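**Student:** Before anything else, here's the structure in question.
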Amino acid sequence: MARTTQELLEVGDRHNSSSFAPTRMILDHGEGVWIYDRDGNKYLDFVAGIAVSSLGHNHPRLVAALREQVGKLMHVSNLFYSAEQVELVETLCARSFADRVFLCNSGTEAIESALKLARRYQTVVAEKPNKTRFVSMLKSFHGRTLGALAATGQPKYHKGFEPLIPGFDYAEFNNLEDVAAKVGPDTAAVLIEPIQGEGGVYPATREFLHGVREICDAHGALLILDEIQTGVGRTGTFFAHEGLDVRPDIVTLAKALGGGVPVGAMLSTDAIFKGFTTGSHGTTFGGNPLAARAALTVLKVLDDEGLVANAAARGEQLRAGLEALAERYPVIQFVRGQGLMMGAFCGDAAAPIVKECLNQGLMINTAGGNTLRFVPPLTVTEQDVSEALARLQKALEVLANS
Ligand SMILES: Cc1ncc(COP(=O)(O)O)c(C=O)c1O
C-alpha cells in the first residue's frame, strides 16, 4: 500500500536534514507553470524551485533530450571530454565576455571557484601575493559552503559556524563611498549580485556597478558578479549585467542554467584563467554529459522560444500588476526588481501572505523574510501572470477581511 501524505511527511520530518522546514505537502508532478501535489491540488508555480525551473515543468524538449542522454552517456569525469561539455562551454563563451568556463554542480561551488580563481590570479599571474582579501556586500547571499558563507554579508547565516574563513570585508550595497573605503591594495576581488536575491530583491543601480568597476580598476581588484539567481535570461537580458552595461572579470551561474538538473558555471577570461594551472582546481561531476546536455537544451529553448524577451515583457506586466495591487492594498509597500525577478516588500505581513497564496493555489515565497518574491518559469504567458495576480489579490482580500 502506498503511504499516505501524512505518513510521508512524518518520515521526512524524522530523517531529512533538520536544517529544512518544508511546506506540508508532497509534490508529485508538474506541467508547464503548474505543479501538482499527490493529493490532487494544483498550484501556479511562481517559485520555480527558487528560480531554477526556467523552462517550467515537463518541457517536452528538455525531457526528450535528457531521456536520450541518459541512454547514451551520463558521466565521464574531467579526465575526458564529451561533445556535450565542449559545446556547453563554447556556447557560454559565445554568449558572454568569457573565454573559458569552469563547470560545476551548484551555485555555492561556482562561488568557491570564483574566489579561488581570483586569489590564484592575483598571486600567480599578477604576482601580488598580498592581494588576498575580498569585499562583498551586506545583505548579500552567495551560498552555504565555508568560502561562500564568509562572502555572504548576513550575520544570521554565520551564527554558530564561526570561525569564518578570514579575509572578507562587507560594504553597504549601492553605497560607493563604503565600497571605496573597504577596497584597498590587499583586495583580490569585489563580489556583487546585480540584484540581491535572498536579501530581498534589491537591484544594484547602474551608477553603483559602474563606480565599483572603476574602484576595482584603480586597485587592480577583480569584479566578480554573482548571476546565480539573475542569470540565464531571468531579468530580461541573458545576464543582468548586460542590461547595466558593466564589464565583469568573473561571472557565476547556476540555478536556471540546467532547468532543474544541477549545473553551476564560473566564467572568466583567458588572462584570468591563467591562474588555474593544470590540477589547481577540479570537480568530479562538474560538466558531465547529462548536466551539460540539460544546460545546452535550456540555452537552445531560450533562443527558439524567445524566452529572454518574454521575461522582459512578462516582468513589466507583473510589475504593473503588483504596483496596481499596492495602490489598493497598502500592505504592499514597494515593488522592486527586473524582469521575472520581482519583489513586493510587505514587512512582517509577507509570511502570512505567502501562506494564504498557497490556499489560493499560487506558490510564492519570501526573500529577506519581508518581501514576496516572484521568480516564475521564463515560459509564463500573459494569462499565467494575470492568473497569478488575481490569486494574489484574492489572498490579500482574505487577509484584509480576517
Ligand atoms: C545569488 C546567489 N548566489 C549563490 C547561491 C547559492 O546557490 P546554491 O544554493 O545552488 O549553492 C544562491 C542561492 O540562492 C544565490 O541566490
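Following the order of the C-alpha cells, chains are lettered A, B, ..., residues in each are numbered from 1, and ligands are numbered from 1.
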Go through region 212-352 of chain A and collect every residue that DSSP, computed from the backbone, puts in strand (DSSP E or B); the answer should be as a PyMOL selection string.
**Tutor:** chain A and resi 222-226+250-253+259+261+264-268+334-338+341-345
**Student:** Give me, as a count of residues only, all polymer residues having an atom no more than 12 Å from Glu109 (chain A), counting only C-alpha atoms and skipping those fewer than 5 positions away in the same chain.
**Tutor:** 30
**Student:** If we count only C-alpha atoms, what is near region 59-64 of chain A at a cut-off of 10 Å, once residues fewer than 6 positions away on the same chain are taken out, given as a ChimeraX atom specification?
**Tutor:** /A:30-33,53,258-260,293-298,300-301,379
**Student:** Let me make sure I understand: among A:Ile364, A:Ala110, A:Leu44, A:Val232, which one has the smallest atom-to-atom distance to ligand 1 if we use only C-alpha atoms and all ligand atoms?
**Tutor:**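 Ranking A:Ile364, A:Ala110, A:Leu44, A:Val232 by distance to ligand 1, first place goes to A:Ala110.
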**Student:** What does the structure give for the distance between CA of Ile353 (chain A) and CA of Thr230 (chain A), in Å to one decimal?
**Tutor:**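 Separating CA of Ile353 (chain A) from CA of Thr230 (chain A) is a distance of 24.2 Å.
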